[in-house]
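Engineer: First the structure, then my questions, so here it is.
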Amino acid sequence: MAVKGGSIWSCAKTPYSHQGISDLRSNRSGLGLNLSLRKWECCSLGVSLAHKAITPVEDEKPNLPAMESAGAIQRVEDNESKGFHKDMNLLPKPLTAADISPSPDDGSKVRVAYQGLPGAYSEAAALKAYPKCETVPCDQFEAAFKAVELWLVDKAVLPIENSVGGSIHRNYDLLLRHRLHIVGEVQLLVNHCLLGLPGVRKEELKRVLSHPQALAQCEMTLSSLGIIRVNTDDTALAAQMVASTGLKDAGAVASSRAAEIYGLQILADKVQDDDDNITRFLILAREPIMPGTERQYKTSVVFTLEEGPGVLFKALAVFALRGINLTKIESRPQKQRPLRVVDDSNEGSAKYFDYLFYIDFEASMADPRAQNALGHLQEFASFLRVLGCYPMDIIP
């Protein structure tokens with residue numbers, strides 16, 4: 001099956017092939033402040049699925065056994081139920097990064113990948129963005145990215161930051177390493193519940209399982225109960241483990257939907273320390289949205305800067321000078337080249353961390369202000385890539 005090429009808006013003065021992306025070289029002197037939208041047109045890469053190269057991330061495990069087919073996501077096994085939930089074996093099996101066999105799609109539904117098991121907050125965000133979608137669970141963030149790239153699903157909905165726990169750095173890194181585009185975002189109010197087996201009281205619990213961020217967000221409640229915390233990969237997995245083990249002294253912090261799916265009892269509701277606990281999710285797709293000016297848009301970019309005094313100030317000033325509002329700035333050390341050597345005539349050589357800067361700003365790439373701002377930014381940037389331009393009508 002032929003794969004449509006993912007388009008990339010990027011430009012670089014120096015090669016960045018080690019980061020797993022394609023770069024567009026351009027003559028800086030020809031850009032000026034009248035940068036046209038044509039400079040940011042997408043480069044279409046026509047690649048067949050059989051020869052499509054996926055750039056591995058550092059912690060990717062090679063030679064994982066491939067699943068029989070993507071249809072195995074929803075196959076029903078003949079094993080007997082263990083009793084804690086009669087339909088446990090009917091739940092979708094999480095997609096792994098090694099599952100590269102595309103499943104037939106009749107086009108009747110949008111298939112949306114998310115990280116975790118059924119009942120995870122990411123699944124709730126996917127259903128909020130696409131109420132009639134078919135959700136596809138993935139065991140890791142990396143698998144969700146690959147599922148979109150390999151046409152197993154149409155979209156992926158992944159968390160990028162939480163109002164209490166901060167940014168999800170893993171997904172920032174994966175945005176740079178994969179050729180997907182941000183096409184929207186959704187915000188989800190997180191309501192943590194303390195779950196246990198039916199008939200168990202919360203005072204009987206000795207340990208509680210959940211994702212580390214979920215446990216941290218419920219610190220006060222869990223401390224008052226004197227419960228030992230046990231980390232898991234996601235909240236829904238914690239609920240499944242409590243149900244499958246049948247241990248009455250074990251609980252889970254997860255959603256009310258997870259309690260319903262895995263046959264658990266809600267021992268306490270809203271156990272998070274902060275009621276305004278909101279997670280922002282990005283919607284990722286193979287193709288970008290064509291930017292317009294008929295409504296408000298947000299643009300996300302990533303860049304690195306040349307060495308020099310005040311260069312970050314100058315880079316941010318290109319937006320302020322044009323009245324463009326920044327909504328997010330995040331810095332990440334470059335993993336492949338973490339240190340930058342700076343010559344000093346007195347002390348020899350000094351080494352500093354070299355950073356990538358991720359920025360969200362309120363403007364469309366069809367807006368001349370945004371085009372000129374990015375053209376101006378190139379005067380200070382050694383690498384620049386547009387991650388996505390998408391409408392600002394966020395799903396609340």
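Following the order of the structure tokens, chains are lettered A, B, ..., residues in each are numbered from 1, and ligands are numbered from 1.
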As a ChimeraX atom specification, which residues of region 138-348 of chain A does DSSP assign to alpha helix (DSSP H)?

Structural biologist: /A:141-149,169-177,212-217,219-225,235-245,256-262,311-320

Engineer: Leaving out region 249-251 of chain A and any residue of its chain fewer than 5 positions from it, which residues lie within 10 Å of it when counting only C-alpha atoms, given as a list in words?

Structural biologist: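 Listed by chain and then number, they are Leu194, Leu195, Gly196, Leu197, Val200, Arg201, Lys202, Glu203, Glu204, Leu205, Lys206, Arg207, Val208, Leu209, Ser210, Ile227, Ile228, Arg229, Val230, Ala238, Ala239, Met241, Val242, Ala243, Leu264, Gln265, Ile266 and Leu267 of chain A.
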
Engineer: Nearest residue to Leu158 (chain A) out of A:Ser244, A:Gln217, A:Asn191, A:Ser122, using only C-alpha atoms?

Structural biologist: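 Checking each candidate against Leu158 (chain A), we get A:Ser122 as the closest.
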
Engineer: Which residue is closest to Glu219 (chain A)? Choose from A:Arg280, A:Arg111, A:His376, A:His192 and count only C-alpha atoms.

Structural biologist: A:His192

Engineer: Taking 3 positions as the minimum chain separation for residues in the same chain, which residues sit within 12 Å of Glu185 (chain A) when counting only C-alpha atoms? Answer as a PyMOL selection string.

Structural biologist: chain A and resi 125-126+128-130+155-161+181-182+188+279-285+297-300+388-396

Engineer: Let's have the selection written as a CSV table (one decimal), in the first residue's frame, with N, CA and C atoms.

Structural biologist:
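Output file out.csv follows:
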chain,number,residue,atom,x,y,z
A,125,ALA,N,-10.1,12.1,26.4
A,125,ALA,CA,-9.8,13.2,25.6
A,125,ALA,C,-10.1,12.9,24.1
A,126,ALA,N,-9.8,11.7,23.7
A,126,ALA,CA,-10.0,11.3,22.3
A,126,ALA,C,-11.5,11.3,22.0
A,128,LYS,N,-13.7,13.1,23.5
A,128,LYS,CA,-14.2,14.4,23.6
A,128,LYS,C,-13.9,15.2,22.3
A,129,ALA,N,-12.8,14.9,21.7
A,129,ALA,CA,-12.5,15.5,20.4
A,129,ALA,C,-13.3,14.9,19.3
A,130,TYR,N,-13.4,13.6,19.3
A,130,TYR,CA,-14.2,12.9,18.2
A,130,TYR,C,-15.2,11.9,18.9
A,155,LYS,N,-5.7,9.6,13.5
A,155,LYS,CA,-5.3,10.7,14.4
A,155,LYS,C,-4.7,10.1,15.7
A,156,ALA,N,-4.0,10.9,16.4
A,156,ALA,CA,-3.5,10.5,17.8
A,156,ALA,C,-3.8,11.7,18.7
A,157,VAL,N,-4.3,11.4,19.9
A,157,VAL,CA,-4.5,12.4,20.9
A,157,VAL,C,-3.6,12.1,22.1
A,158,LEU,N,-2.7,13.0,22.3
A,158,LEU,CA,-1.6,12.7,23.3
A,158,LEU,C,-1.5,13.9,24.3
A,159,PRO,N,-1.2,13.7,25.6
A,159,PRO,CA,-1.1,14.8,26.5
A,159,PRO,C,0.2,15.6,26.3
A,160,ILE,N,0.2,16.9,26.5
A,160,ILE,CA,1.4,17.7,26.3
A,160,ILE,C,1.7,18.5,27.6
A,161,GLU,N,0.7,18.9,28.4
A,161,GLU,CA,1.0,19.5,29.6
A,161,GLU,C,-0.2,19.4,30.6
A,181,HIS,N,1.8,16.3,12.3
A,181,HIS,CA,1.5,17.7,12.4
A,181,HIS,C,0.4,17.9,13.5
A,182,ILE,N,0.5,19.0,14.2
A,182,ILE,CA,-0.5,19.3,15.2
A,182,ILE,C,-1.7,19.9,14.4
A,188,LEU,N,-9.0,18.7,29.0
A,188,LEU,CA,-9.8,17.8,29.8
A,188,LEU,C,-9.7,18.1,31.3
A,279,THR,N,-5.7,18.9,31.9
A,279,THR,CA,-4.6,18.4,31.0
A,279,THR,C,-4.9,18.9,29.6
A,280,ARG,N,-3.9,19.4,28.9
A,280,ARG,CA,-4.1,19.8,27.5
A,280,ARG,C,-3.5,18.7,26.6
A,281,PHE,N,-4.3,18.3,25.6
A,281,PHE,CA,-3.9,17.2,24.7
A,281,PHE,C,-3.7,17.8,23.3
A,282,LEU,N,-2.8,17.3,22.6
A,282,LEU,CA,-2.6,17.7,21.2
A,282,LEU,C,-3.2,16.6,20.3
A,283,ILE,N,-3.8,17.1,19.2
A,283,ILE,CA,-4.4,16.2,18.1
A,283,ILE,C,-3.4,16.1,17.0
A,284,LEU,N,-2.9,15.0,16.7
A,284,LEU,CA,-1.8,14.8,15.6
A,284,LEU,C,-2.3,14.1,14.4
A,285,ALA,N,-1.9,14.5,13.2
A,285,ALA,CA,-2.3,13.8,12.0
A,285,ALA,C,-1.1,13.8,11.0
A,297,TYR,N,-6.1,31.4,14.7
A,297,TYR,CA,-5.3,30.2,14.6
A,297,TYR,C,-4.1,30.3,15.6
A,298,LYS,N,-3.6,29.1,15.9
A,298,LYS,CA,-2.4,29.0,16.8
A,298,LYS,C,-1.4,28.3,15.9
A,299,THR,N,-0.1,28.7,16.1
A,299,THR,CA,1.0,28.1,15.4
A,299,THR,C,2.0,27.6,16.4
A,300,SER,N,2.6,26.4,16.2
A,300,SER,CA,3.6,25.8,17.1
A,300,SER,C,4.9,25.6,16.3
A,388,GLY,N,2.9,22.8,13.5
A,388,GLY,CA,1.5,22.8,13.1
A,388,GLY,C,0.9,24.2,13.2
A,389,CYS,N,-0.1,24.4,12.4
A,389,CYS,CA,-0.9,25.6,12.4
A,389,CYS,C,-2.4,25.2,12.5
A,390,TYR,N,-3.1,25.5,13.5
A,390,TYR,CA,-4.4,24.9,13.7
A,390,TYR,C,-5.4,25.9,14.3
A,391,PRO,N,-6.7,25.8,14.2
A,391,PRO,CA,-7.7,26.7,14.7
A,391,PRO,C,-7.6,26.8,16.2
A,392,MET,N,-7.9,27.9,16.8
A,392,MET,CA,-7.8,28.1,18.2
A,392,MET,C,-9.1,27.8,18.9
A,393,ASP,N,-10.1,27.3,18.2
A,393,ASP,CA,-11.4,27.0,18.9
A,393,ASP,C,-11.2,25.7,19.6
A,394,ILE,N,-10.5,25.7,20.7
A,394,ILE,CA,-10.1,24.6,21.6
A,394,ILE,C,-11.4,23.9,22.1
A,395,ILE,N,-11.4,22.6,22.1
A,395,ILE,CA,-12.6,21.9,22.7
A,395,ILE,C,-12.4,22.0,24.2
A,396,PRO,N,-13.3,22.7,24.9
A,396,PRO,CA,-13.1,22.9,26.3
A,396,PRO,C,-13.4,21.7,27.2

Engineer: Using only C-alpha atoms, pick whichever of A:His178, A:Glu307, A:Asp354, A:Pro137 has the shortest atom-to-atom distance to Leu150 (chain A).

Structural biologist: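 Of all the options, A:His178 lies closest to Leu150 (chain A).
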
Engineer: Restricting the calculation to only C-alpha atoms, which member of A:Leu237, A:Val301, A:Phe319, A:Gly165 is positioned closest to Gln213 (chain A)?

Structural biologist: A:Gly165

Engineer: Could you go through region 351-390 of chain A and tell me which residues DSSP, when run on the backbone, assigns to strand (DSSP E or B), listing them as a list in words?

Structural biologist: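 Of region 351-390 of chain A, the ones in strand (DSSP E or B) are Lys351, Tyr352, Phe353, Tyr355, Leu356, Phe357, Tyr358, Ile359, Asp360, Phe361, Ala381, Ser382, Phe383, Leu384, Arg385, Val386, Leu387, Gly388, Cys389 and Tyr390 of chain A.
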
Engineer: Would you output that residue set with N, CA and C atoms, as a PDB file, in the first residue's frame?

Structural biologist:
ATOM      1  N   LYS A 351      31.857  25.043  28.157  1.00  0.00           N
ATOM      2  CA  LYS A 351      30.795  24.223  27.600  1.00  0.00           C
ATOM      3  C   LYS A 351      29.466  24.594  28.234  1.00  0.00           C
ATOM      4  N   TYR A 352      28.455  24.800  27.387  1.00  0.00           N
ATOM      5  CA  TYR A 352      27.123  25.143  27.848  1.00  0.00           C
ATOM      6  C   TYR A 352      26.127  24.172  27.224  1.00  0.00           C
ATOM      7  N   PHE A 353      24.971  24.037  27.882  1.00  0.00           N
ATOM      8  CA  PHE A 353      23.914  23.213  27.303  1.00  0.00           C
ATOM      9  C   PHE A 353      23.378  23.888  26.045  1.00  0.00           C
ATOM     10  N   TYR A 355      20.123  24.135  23.537  1.00  0.00           N
ATOM     11  CA  TYR A 355      18.700  23.925  23.758  1.00  0.00           C
ATOM     12  C   TYR A 355      17.883  24.018  22.475  1.00  0.00           C
ATOM     13  N   LEU A 356      16.768  23.306  22.496  1.00  0.00           N
ATOM     14  CA  LEU A 356      15.682  23.470  21.542  1.00  0.00           C
ATOM     15  C   LEU A 356      14.593  24.283  22.232  1.00  0.00           C
ATOM     16  N   PHE A 357      13.971  25.204  21.501  1.00  0.00           N
ATOM     17  CA  PHE A 357      12.900  26.025  22.054  1.00  0.00           C
ATOM     18  C   PHE A 357      11.606  25.728  21.299  1.00  0.00           C
ATOM     19  N   TYR A 358      10.581  25.365  22.053  1.00  0.00           N
ATOM     20  CA  TYR A 358       9.248  25.129  21.499  1.00  0.00           C
ATOM     21  C   TYR A 358       8.373  26.327  21.858  1.00  0.00           C
ATOM     22  N   ILE A 359       7.707  26.899  20.870  1.00  0.00           N
ATOM     23  CA  ILE A 359       6.889  28.091  21.103  1.00  0.00           C
ATOM     24  C   ILE A 359       5.535  27.922  20.428  1.00  0.00           C
ATOM     25  N   ASP A 360       4.459  28.321  21.132  1.00  0.00           N
ATOM     26  CA  ASP A 360       3.123  28.443  20.557  1.00  0.00           C
ATOM     27  C   ASP A 360       2.786  29.927  20.495  1.00  0.00           C
ATOM     28  N   PHE A 361       2.249  30.386  19.354  1.00  0.00           N
ATOM     29  CA  PHE A 361       1.836  31.786  19.270  1.00  0.00           C
ATOM     30  C   PHE A 361       0.508  31.896  18.535  1.00  0.00           C
ATOM     31  N   ALA A 381      18.225  31.979  14.183  1.00  0.00           N
ATOM     32  CA  ALA A 381      18.026  30.543  14.389  1.00  0.00           C
ATOM     33  C   ALA A 381      18.916  29.730  13.449  1.00  0.00           C
ATOM     34  N   SER A 382      19.485  28.676  13.989  1.00  0.00           N
ATOM     35  CA  SER A 382      20.236  27.738  13.155  1.00  0.00           C
ATOM     36  C   SER A 382      19.340  26.615  12.638  1.00  0.00           C
ATOM     37  N   PHE A 383      18.164  26.476  13.226  1.00  0.00           N
ATOM     38  CA  PHE A 383      17.196  25.457  12.808  1.00  0.00           C
ATOM     39  C   PHE A 383      15.815  25.949  13.179  1.00  0.00           C
ATOM     40  N   LEU A 384      14.831  25.740  12.300  1.00  0.00           N
ATOM     41  CA  LEU A 384      13.454  26.183  12.537  1.00  0.00           C
ATOM     42  C   LEU A 384      12.506  25.228  11.842  1.00  0.00           C
ATOM     43  N   ARG A 385      11.477  24.794  12.571  1.00  0.00           N
ATOM     44  CA  ARG A 385      10.469  23.894  11.998  1.00  0.00           C
ATOM     45  C   ARG A 385       9.096  24.263  12.534  1.00  0.00           C
ATOM     46  N   VAL A 386       8.120  24.323  11.635  1.00  0.00           N
ATOM     47  CA  VAL A 386       6.725  24.550  12.027  1.00  0.00           C
ATOM     48  C   VAL A 386       6.093  23.196  12.342  1.00  0.00           C
ATOM     49  N   LEU A 387       5.620  23.021  13.567  1.00  0.00           N
ATOM     50  CA  LEU A 387       5.023  21.754  13.994  1.00  0.00           C
ATOM     51  C   LEU A 387       3.547  21.664  13.643  1.00  0.00           C
ATOM     52  N   GLY A 388       2.902  22.822  13.478  1.00  0.00           N
ATOM     53  CA  GLY A 388       1.494  22.806  13.132  1.00  0.00           C
ATOM     54  C   GLY A 388       0.888  24.183  13.219  1.00  0.00           C
ATOM     55  N   CYS A 389      -0.130  24.412  12.405  1.00  0.00           N
ATOM     56  CA  CYS A 389      -0.926  25.635  12.440  1.00  0.00           C
ATOM     57  C   CYS A 389      -2.380  25.184  12.463  1.00  0.00           C
ATOM     58  N   TYR A 390      -3.121  25.529  13.498  1.00  0.00           N
ATOM     59  CA  TYR A 390      -4.425  24.925  13.711  1.00  0.00           C
ATOM     60  C   TYR A 390      -5.377  25.926  14.348  1.00  0.00           C
TER      61      TYR A 390
END

Engineer: CA of Val164 (chain A) to CA of Ile278 (chain A): how many Å, to one decimal?

Structural biologist: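 Interatomic distance here is 7.7 Å.
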
Engineer: Grab the CA of Gln378 (chain A) to CA of Phe145 (chain A) distance for me, in Å with one decimal place.

Structural biologist: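 Spanning CA of Gln378 (chain A) to CA of Phe145 (chain A) is a straight-line distance of 28.4 Å.
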
Engineer: For each of A:Arg177, A:Asp274, A:Gln371, A:Gly199, take the minimum atom-to-atom distance to Leu247 (chain A), counting only C-alpha atoms, then give the residue where this is smallest.

Structural biologist: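 That would be A:Gly199, the residue with the smallest distance to Leu247 (chain A).
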
Engineer: What's the separation between CA of Pro131 (chain A) and CA of Pro291 (chain A), in Å to one decimal place?

Structural biologist: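 Between these atoms lies a distance of 24.5 Å.
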